[in-house]
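> Pasting a structure here, questions to come.
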Amino acid sequence: MNTPASRPPHAQTAPPPATLVPEEGWHCGHYFYRFRRDMLGDLDGVDEFLAALDPPSGERTERLQAYIISGHKADFGIMAMDTDPLKIDSIHQAILAGPLGPAIEPVWSFVSVSEVSEYVPSVELFRENQIKEGAIAGSKELEDRVSAYATRLPMMNHQRLTPEFPDWPAACFYPMNKSRVVGANWFTTPFSHRRELMAEHARSGIAFAGRVSQVITVGVGLDDWEWMVTLWARNPQYLKDIVYKMRFDEASAAYAEFGPFYTGYKASAEEILRHCRIID
Amino acid sequence: MNTPASRPPHAQTAPPPATLVPEEGWHCGHYFYRFRRDMLGDLDGVDEFLAALDPPSGERTERLQAYIISGHKADFGIMAMDTDPLKIDSIHQAILAGPLGPAIEPVWSFVSVSEVSEYVPSVELFRENQIKEGAIAGSKELEDRVSAYATRLPMMNHQRLTPEFPDWPAACFYPMNKSRVVGANWFTTPFSHRRELMAEHARSGIAFAGRVSQVITVGVGLDDWEWMVTLWARNPQYLKDIVYKMRFDEASAAYAEFGPFYTGYKASAEEILRHCRIID
Amino acid sequence: MNTPASRPPHAQTAPPPATLVPEEGWHCGHYFYRFRRDMLGDLDGVDEFLAALDPPSGERTERLQAYIISGHKADFGIMAMDTDPLKIDSIHQAILAGPLGPAIEPVWSFVSVSEVSEYVPSVELFRENQIKEGAIAGSKELEDRVSAYATRLPMMNHQRLTPEFPDWPAACFYPMNKSRVVGANWFTTPFSHRRELMAEHARSGIAFAGRVSQVITVGVGLDDWEWMVTLWARNPQYLKDIVYKMRFDEASAAYAEFGPFYTGYKASAEEILRHCRIID
Amino acid sequence: MNTPASRPPHAQTAPPPATLVPEEGWHCGHYFYRFRRDMLGDLDGVDEFLAALDPPSGERTERLQAYIISGHKADFGIMAMDTDPLKIDSIHQAILAGPLGPAIEPVWSFVSVSEVSEYVPSVELFRENQIKEGAIAGSKELEDRVSAYATRLPMMNHQRLTPEFPDWPAACFYPMNKSRVVGANWFTTPFSHRRELMAEHARSGIAFAGRVSQVITVGVGLDDWEWMVTLWARNPQYLKDIVYKMRFDEASAAYAEFGPFYTGYKASAEEILRHCRIID
Amino acid sequence: MNTPASRPPHAQTAPPPATLVPEEGWHCGHYFYRFRRDMLGDLDGVDEFLAALDPPSGERTERLQAYIISGHKADFGIMAMDTDPLKIDSIHQAILAGPLGPAIEPVWSFVSVSEVSEYVPSVELFRENQIKEGAIAGSKELEDRVSAYATRLPMMNHQRLTPEFPDWPAACFYPMNKSRVVGANWFTTPFSHRRELMAEHARSGIAFAGRVSQVITVGVGLDDWEWMVTLWARNPQYLKDIVYKMRFDEASAAYAEFGPFYTGYKASAEEILRHCRIID
């Protein structure tokens, strides 16, 4: 039987505990909302709205950011991460259950978990790649680079699994799939080729370091798209620049399918209410 | 005329009885709902809501589970199975007809029936497959395995037709089709090849035994997708793990088309109301 | 000019009368509805609802059946046929114009007409086909079969154009197109091949005689899909069985595109209201 | 530079006047509506509804017809043509601004302009085509036909640009695109081949003269589809007959993409209200 | 590493400032709205509506135009450009937050930024293209043309980045993508070929100079489509003419995917209210 070596058949091991906490990484929730002006009327609920986006310590998620969203699709959005998916969804419920709730329409969301992608090169693979790109096997320069990578890798993976959110003014959020159409089927492409394409894609991203920061979370088996991309930028123009550049990477050009894009501007709950003229 | 041997022309047999009870297996209903905060107002109907998800004995379906659903698409969902499709739909009607009904929006559902897939290997085929995979024809070891399979098969089919629902904390639900596009048409693929692909797919699933449990029900002729997949997991991460792994199986990679995914956390009716802050 | 022989240019004949009555066959309407629980309130209108589904003699359509629909998409549906399309649509208007109307949301419908498909074999073609399948030209056995077919054909066509609706408990309704994608274009396929595929498809259906009964009506030029399929069954499982089997016919596997499926259970207006808990 | 000869660069000519009136032909609007029974309540506004569909002389469009629409998608529709697009849209606004407006939901519309298609043969091309089809160059018979065409053409083009609407009982309306998919790209097909296909398509239509009448208007650059087809028929069956026949023309079979179909029955404003039971 | 020469790795430079102001060009917002007649009732808010479309100086965007939109999709729309995306979105919020807001439904919008496309020829490339098209290298005529282009280019780019809006009566707005389907993948097409196709496309546009004016803004990474096209015309017929002509350019015919089209007529806020009969 084709059971992978790393996955011993269940009969041979105790079943894992029943829990909502992932073995590694965090749950992630993106939620987007629109104010329904036809329901606002004399509703008062500013305090409860502010509180919903600033939960008391026991209900506070590990990460939480809020954004003004431009365009008609949404007025504001939040992104939260935690070990407990119900704690994340509770923020959503608190937003809707407050006095302003009847005037708040949830318009889109995405449920995902963080992970270290299978395409992240191991230290060994990193060395091989360096040699392929011209580094001299056994040279000190190569070993220094490898050693630096070996030091960086756990930190990078930590950031992938339990990311810090940068305090930058602009962000965009969009889900994506890898295509499975005839003639461009990512999932029937050999792993080695997929890894190369993802490495090219990573290099496109690295060129934007300091200007754009990203987190990729996985929705496979959890929501309607396979991945969720979160990009933060020092300038909203960089969101356009990086996504435009990446679209020519073969991984995107040939295989990516994109869902809705939400562009946001980091804001406090109060700034959201003020921008939307719920408060003066 | 090409009438299959197993289907004698009607003129030669009495017509089957007119009934809603399937010849084998159960009807299955998945229903997902969202609370409409604009309609909740002072509605009281907690008792009726609890009762709807705990029907009196005469209206009780053979199986019934409820879930908190994360994300904006739904707040909660139910899955029920029974010989009587109207008994299943009655739970839906009871949810909507209660005092909370005006504030409950049904957002998605799926109507299906359980079945033993035509790809489940017979005992004979199981033996052949074992030999193909290297077992020695006539050996005791092979016959022991075949005998074990012969014992297991009726139990497995019983579980397929009238499944027990595991008491695990996480679940996901999604419908799927097999594609009929030019170049990847499942339905013009020879049965023997489809059976091989489904066997590969089954092995992917078996690797998750003890962590993930599944039921596949059929919506062909009944609802908008051909199949409905229900996965229960000890940890929501395993939902991501198994669906990600399976996506590379040729049966999925080349032929599967997926509908909306709903991720749920097993909950009582009261826990649903509490999570959604309908009650404190 | 390429005017078909059977269609003389208009200058040579008097124009046909202006009328809504088809030259042959009937208009057909399928309508599906959902109760809006947020609008039901204290609405009373049971009598008017019952009357709408049991029109007085002058407004009565030639055929009318009602169904409980399972799932969230609809609560109930009707199917009606008549020479007058406005008489059919009047049932729809009566349902909506009654006191319960504000709480009844029409969710889907299909407008079509009955016809004798161009693929129904003539008596001559039937004879040829029998000979191709091994019957001996000129034999008494062949001529008996041909003669039986010649007797049956007018009755079958009568049923196609002005069908009796069976009194069976389950039904499903779905629209379909024949695809025109590159590589699987039904409409550029030669007639002779299309006729063969439809004959194969018909044989699949005949195998379910006594268990499933069907009417195909045409929406080309009238509604968003080309055909509407109505299947009645003695057991809802047969709906799954027949549609699953037919999906492997080349006419379906390669060329069919399906719209939404509605599964219904034959019911009186009163049973609909009772199932949906509008009345006790 | 590749500026077509007929389009002199702007520097060489005075700019055309700023106006909403097309250089040739009319604007065209199709609008479809549904009565919202939940909003009708005690609304009275019959007179204003009748007036909206019978505008005073200064606001009257060159053409205006109204239809009962069958099925759930719409209850009624209008089609109007004029030199002034705002005069057309004003009918829409008048329908919605009347006392019944809150209970009238606009469900679909199409904005287009009339034109003489580039595929309409010139007199010269007509002669060439006749010769290709066997007519003898220089013969009196040919020249008579050509002469008749030369007489007919301005009238036909006048009807294309500023059509009379026939007083027939049935009509259908649907938008369409020509496909640009790989392998069936209308817009990369040479003009000469497109013209042949359109000629074949025209012949299909001519066979229905006296039974079906059509106007094709253009939405390219104005609305979501490239063309809008309006078909009037003496019998709704002919709508099915002609669209079914035309679907096998290569222009349709291989290249056409269709949007929603609305089937209507010519009616006065009062007949619409009566059919929908807004008035008795 | 493949970092483009123009993009030095971040470690070597100070990070750019955190700001919403693009490095070059402006943010752009298109917003479309429909009046909800069911919510208008006795709402008064004309002054606030007029003020929202005529913001006080501190909130005034660099550009702002309003349009009556024909058809059911929208009643009116606005297009605004500014360095500050929140100032643009504030107009949207002001429209919705006014007393008429409950009766105004935002139906579509597009978020984009202006840019100088990478396909705009440099002066050097312009010279090369002229020579390719037959100009004599080193000739005075060529150098005059090149010199004129060198003078024009900064002005044209200024217009691309910070466009003046013409005072013409008609406009249309639509988003588009370049396709990435197998066999017509713009993003895997070599740059040189893409540049040729865009040059051909530009020539189609230039033929309409004086009749049609356009601005292309970029939504990549910001909204659901890659580009937003704004066309202004002296006559709405020209919108049809130019888009129809351009559809045969290979860049469009083979690679363009179009979203919804909105056709508008330039109007003041008061004209919008009058056309929609909110005021007399």
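Quick note on naming: the chains in the structure tokens go A, B, ... in the order shown, residues restart at 1 in each chain, and ligands are numbered from 1 in order of appearance.
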Please report as a Markdown table every residue of segment 56-122 of chain C lying within 12 Å of segment 259-268 of chain C, along with the nearest atom pair and their distance in Å (one decimal), using only C-alpha atoms.

```
| residue | atom | partner | partner_atom | distance |
| --- | --- | --- | --- | --- |
| C:Leu64 | CA | C:Ser268 | CA | 10.8 |
| C:Gln65 | CA | C:Lys266 | CA | 7.4 |
| C:Ala66 | CA | C:Ala267 | CA | 5.7 |
| C:Tyr67 | CA | C:Lys266 | CA | 4.3 |
| C:Ile68 | CA | C:Tyr265 | CA | 5.1 |
| C:Ile69 | CA | C:Gly264 | CA | 4.3 |
| C:Ser70 | CA | C:Thr263 | CA | 6.2 |
| C:Gly71 | CA | C:Thr263 | CA | 8.4 |
| C:His72 | CA | C:Tyr262 | CA | 10.3 |
| C:Lys73 | CA | C:Tyr262 | CA | 8.0 |
| C:Ala74 | CA | C:Tyr262 | CA | 8.0 |
| C:Asp75 | CA | C:Gly264 | CA | 9.2 |
| C:Phe76 | CA | C:Gly264 | CA | 7.6 |
| C:Gly77 | CA | C:Gly264 | CA | 7.6 |
| C:Ile78 | CA | C:Lys266 | CA | 9.5 |
| C:Met79 | CA | C:Lys266 | CA | 10.7 |
| C:Val107 | CA | C:Tyr262 | CA | 11.1 |
| C:Trp108 | CA | C:Pro260 | CA | 9.1 |
| C:Ser109 | CA | C:Pro260 | CA | 10.5 |
| C:Phe110 | CA | C:Pro260 | CA | 10.9 |
```
> Next, the residues of the selection above should be written as a short mmCIF file (atom, residue, chain, number, x, y, z; two decimals), in the first residue's frame with all heavy atoms.

```cif
data_model
loop_
_atom_site.label_atom_id
_atom_site.label_comp_id
_atom_site.auth_asym_id
_atom_site.auth_seq_id
_atom_site.Cartn_x
_atom_site.Cartn_y
_atom_site.Cartn_z
N LEU C 64 -51.21 20.04 -14.43
CA LEU C 64 -50.66 20.80 -13.29
C LEU C 64 -50.31 19.84 -12.18
O LEU C 64 -51.15 19.02 -11.77
CB LEU C 64 -51.68 21.84 -12.79
CG LEU C 64 -51.31 22.62 -11.51
CD1 LEU C 64 -50.02 23.42 -11.72
CD2 LEU C 64 -52.44 23.57 -11.12
N GLN C 65 -49.06 19.89 -11.76
CA GLN C 65 -48.65 19.10 -10.59
C GLN C 65 -47.86 20.00 -9.66
O GLN C 65 -47.19 20.95 -10.12
CB GLN C 65 -47.78 17.91 -10.99
CG GLN C 65 -48.55 16.61 -11.16
CD GLN C 65 -47.65 15.38 -11.34
OE1 GLN C 65 -46.43 15.48 -11.34
NE2 GLN C 65 -48.27 14.23 -11.47
N ALA C 66 -47.91 19.67 -8.37
CA ALA C 66 -47.15 20.45 -7.38
C ALA C 66 -46.25 19.51 -6.59
O ALA C 66 -46.55 18.31 -6.47
CB ALA C 66 -48.08 21.21 -6.45
N TYR C 67 -45.17 20.03 -6.08
CA TYR C 67 -44.17 19.21 -5.40
C TYR C 67 -43.58 19.95 -4.21
O TYR C 67 -43.36 21.17 -4.27
CB TYR C 67 -43.01 18.88 -6.36
CG TYR C 67 -43.45 18.49 -7.73
CD1 TYR C 67 -43.65 19.45 -8.72
CD2 TYR C 67 -43.74 17.16 -8.04
CE1 TYR C 67 -44.11 19.12 -9.97
CE2 TYR C 67 -44.20 16.82 -9.31
CZ TYR C 67 -44.38 17.79 -10.27
OH TYR C 67 -44.84 17.46 -11.52
N ILE C 68 -43.33 19.23 -3.15
CA ILE C 68 -42.42 19.70 -2.11
C ILE C 68 -41.00 19.57 -2.67
O ILE C 68 -40.66 18.51 -3.21
CB ILE C 68 -42.56 18.85 -0.83
CG1 ILE C 68 -43.92 19.07 -0.18
CG2 ILE C 68 -41.41 19.14 0.15
CD1 ILE C 68 -44.25 18.05 0.91
N ILE C 69 -40.20 20.61 -2.56
CA ILE C 69 -38.81 20.56 -3.05
C ILE C 69 -37.89 20.48 -1.83
O ILE C 69 -38.04 21.26 -0.89
CB ILE C 69 -38.47 21.81 -3.89
CG1 ILE C 69 -39.45 21.96 -5.06
CG2 ILE C 69 -37.03 21.74 -4.39
CD1 ILE C 69 -39.39 20.89 -6.11
N SER C 70 -36.95 19.56 -1.86
CA SER C 70 -36.06 19.44 -0.70
C SER C 70 -34.83 20.31 -0.90
O SER C 70 -34.43 20.61 -2.02
CB SER C 70 -35.66 17.98 -0.49
OG SER C 70 -34.98 17.49 -1.61
N GLY C 71 -34.23 20.72 0.21
CA GLY C 71 -33.06 21.59 0.15
C GLY C 71 -33.44 23.05 0.29
O GLY C 71 -34.63 23.41 0.32
N HIS C 72 -32.39 23.88 0.35
CA HIS C 72 -32.64 25.30 0.63
C HIS C 72 -33.09 26.07 -0.60
O HIS C 72 -33.60 27.18 -0.48
CB HIS C 72 -31.37 25.93 1.17
CG HIS C 72 -30.42 26.38 0.10
ND1 HIS C 72 -29.81 25.51 -0.78
CD2 HIS C 72 -30.02 27.60 -0.28
CE1 HIS C 72 -29.06 26.17 -1.63
NE2 HIS C 72 -29.16 27.43 -1.35
N LYS C 73 -32.87 25.48 -1.80
CA LYS C 73 -33.11 26.27 -3.00
C LYS C 73 -34.59 26.60 -3.19
O LYS C 73 -34.92 27.65 -3.74
CB LYS C 73 -32.59 25.51 -4.23
CG LYS C 73 -31.06 25.51 -4.33
CD LYS C 73 -30.59 24.93 -5.66
CE LYS C 73 -30.92 23.46 -5.77
NZ LYS C 73 -30.43 22.84 -7.00
N ALA C 74 -35.46 25.71 -2.78
CA ALA C 74 -36.89 25.95 -2.95
C ALA C 74 -37.65 25.13 -1.93
O ALA C 74 -37.17 24.09 -1.45
CB ALA C 74 -37.34 25.58 -4.36
N ASP C 75 -38.85 25.60 -1.60
CA ASP C 75 -39.72 24.85 -0.70
C ASP C 75 -40.77 24.06 -1.48
O ASP C 75 -41.16 22.99 -1.08
CB ASP C 75 -40.40 25.81 0.28
CG ASP C 75 -39.45 26.33 1.35
OD1 ASP C 75 -38.66 25.52 1.87
OD2 ASP C 75 -39.48 27.53 1.65
N PHE C 76 -41.18 24.65 -2.61
CA PHE C 76 -42.16 23.92 -3.42
C PHE C 76 -42.02 24.36 -4.87
O PHE C 76 -41.35 25.37 -5.16
CB PHE C 76 -43.59 24.13 -2.90
CG PHE C 76 -44.16 25.50 -3.13
CD1 PHE C 76 -45.00 25.76 -4.20
CD2 PHE C 76 -43.87 26.54 -2.24
CE1 PHE C 76 -45.54 27.02 -4.40
CE2 PHE C 76 -44.42 27.81 -2.43
CZ PHE C 76 -45.25 28.06 -3.51
N GLY C 77 -42.63 23.57 -5.75
CA GLY C 77 -42.58 23.89 -7.16
C GLY C 77 -43.83 23.40 -7.85
O GLY C 77 -44.56 22.55 -7.31
N ILE C 78 -44.08 23.95 -9.05
CA ILE C 78 -45.20 23.47 -9.85
C ILE C 78 -44.72 23.25 -11.27
O ILE C 78 -43.75 23.85 -11.72
CB ILE C 78 -46.40 24.44 -9.87
CG1 ILE C 78 -45.97 25.80 -10.46
CG2 ILE C 78 -47.01 24.62 -8.49
CD1 ILE C 78 -47.13 26.67 -10.88
N MET C 79 -45.42 22.34 -11.97
CA MET C 79 -45.19 22.14 -13.39
C MET C 79 -46.56 22.12 -14.06
O MET C 79 -47.46 21.41 -13.61
CB MET C 79 -44.47 20.81 -13.61
CG MET C 79 -44.30 20.46 -15.08
SD MET C 79 -43.47 18.85 -15.28
CE MET C 79 -43.42 18.76 -17.08
N VAL C 107 -37.92 31.48 -7.08
CA VAL C 107 -36.47 31.33 -7.12
C VAL C 107 -35.93 30.83 -8.45
O VAL C 107 -34.79 31.06 -8.80
CB VAL C 107 -35.97 30.40 -5.99
CG1 VAL C 107 -36.15 31.09 -4.65
CG2 VAL C 107 -36.66 29.05 -6.03
N TRP C 108 -36.76 30.14 -9.21
CA TRP C 108 -36.31 29.68 -10.51
C TRP C 108 -37.52 29.27 -11.31
O TRP C 108 -38.56 28.91 -10.76
CB TRP C 108 -35.33 28.51 -10.39
CG TRP C 108 -34.52 28.28 -11.62
CD1 TRP C 108 -33.49 29.06 -12.07
CD2 TRP C 108 -34.66 27.22 -12.58
NE1 TRP C 108 -33.00 28.56 -13.25
CE2 TRP C 108 -33.69 27.44 -13.59
CE3 TRP C 108 -35.50 26.14 -12.70
CZ2 TRP C 108 -33.55 26.60 -14.68
CZ3 TRP C 108 -35.38 25.29 -13.79
CH2 TRP C 108 -34.39 25.52 -14.76
N SER C 109 -37.40 29.32 -12.60
CA SER C 109 -38.48 28.84 -13.47
C SER C 109 -37.88 28.47 -14.80
O SER C 109 -36.73 28.79 -15.10
CB SER C 109 -39.53 29.94 -13.66
OG SER C 109 -39.01 31.01 -14.41
N PHE C 110 -38.68 27.80 -15.59
CA PHE C 110 -38.25 27.49 -16.94
C PHE C 110 -39.45 27.50 -17.86
O PHE C 110 -40.49 26.90 -17.57
CB PHE C 110 -37.51 26.15 -17.02
CG PHE C 110 -36.68 26.04 -18.27
CD1 PHE C 110 -35.45 26.67 -18.34
CD2 PHE C 110 -37.15 25.36 -19.39
CE1 PHE C 110 -34.69 26.62 -19.51
CE2 PHE C 110 -36.38 25.29 -20.55
CZ PHE C 110 -35.15 25.93 -20.61
#
```
> At a cut-off of 8 Å, which residues of chain E touch chain D? Count only C-alpha atoms and give the answer as a VMD selection string.
chain E and resid 36 to 39 70 to 73 168 to 170 172 183 to 184 203 to 204 206 to 211 234 to 237 239 to 244 247 to 248 250 253 to 254 259 to 263 275 to 278
> Write down as an MDAnalysis selection string the residues of segment 18-141 of chain A whose backbone DSSP state falls under alpha helix (DSSP H).
chainID A and resid 37:40 46:52 85:97 123:132 140:141
> Would you save the residues from that selection as an mmCIF file, in the first residue's frame, using C-alpha atoms?

```cif
data_model
loop_
_atom_site.group_PDB
_atom_site.id
_atom_site.type_symbol
_atom_site.label_atom_id
_atom_site.label_comp_id
_atom_site.auth_asym_id
_atom_site.auth_seq_id
_atom_site.Cartn_x
_atom_site.Cartn_y
_atom_site.Cartn_z
ATOM 1 C CA ARG A 37 -27.019 52.637 5.390
ATOM 2 C CA ASP A 38 -30.639 51.553 5.129
ATOM 3 C CA MET A 39 -30.334 49.911 8.558
ATOM 4 C CA LEU A 40 -28.200 52.436 10.404
ATOM 5 C CA VAL A 46 -19.908 52.650 18.743
ATOM 6 C CA ASP A 47 -18.523 51.398 22.040
ATOM 7 C CA GLU A 48 -19.491 47.824 21.282
ATOM 8 C CA PHE A 49 -17.946 48.104 17.820
ATOM 9 C CA LEU A 50 -14.693 49.397 19.239
ATOM 10 C CA ALA A 51 -14.751 46.638 21.847
ATOM 11 C CA ALA A 52 -15.357 43.955 19.217
ATOM 12 C CA PRO A 85 -10.457 29.090 15.161
ATOM 13 C CA LEU A 86 -13.495 29.831 17.300
ATOM 14 C CA LYS A 87 -11.693 32.720 18.981
ATOM 15 C CA ILE A 88 -11.142 34.210 15.523
ATOM 16 C CA ASP A 89 -14.727 33.665 14.471
ATOM 17 C CA SER A 90 -15.840 35.194 17.784
ATOM 18 C CA ILE A 91 -14.539 38.567 16.674
ATOM 19 C CA HIS A 92 -16.782 38.231 13.648
ATOM 20 C CA GLN A 93 -19.696 37.290 15.870
ATOM 21 C CA ALA A 94 -18.985 40.186 18.232
ATOM 22 C CA ILE A 95 -19.012 42.640 15.340
ATOM 23 C CA LEU A 96 -22.375 41.333 14.164
ATOM 24 C CA ALA A 97 -23.961 40.860 17.580
ATOM 25 C CA VAL A 123 19.316 23.708 3.981
ATOM 26 C CA GLU A 124 20.572 20.850 1.836
ATOM 27 C CA LEU A 125 18.551 21.970 -1.143
ATOM 28 C CA PHE A 126 19.665 25.543 -0.626
ATOM 29 C CA ARG A 127 23.305 24.392 -0.897
ATOM 30 C CA GLU A 128 22.571 22.438 -4.064
ATOM 31 C CA ASN A 129 20.806 25.403 -5.595
ATOM 32 C CA GLN A 130 23.736 27.676 -4.794
ATOM 33 C CA ILE A 131 26.099 25.261 -6.515
ATOM 34 C CA LYS A 132 23.801 25.058 -9.520
ATOM 35 C CA LYS A 140 34.019 29.034 2.388
ATOM 36 C CA GLU A 141 31.795 31.553 0.663
#
```
> Can you work out the spacing between atom CA of Leu161 of chain A and atom CA of Val120 of chain A in Å, to one decimal?
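Interatomic distance here is 12.7 Å.
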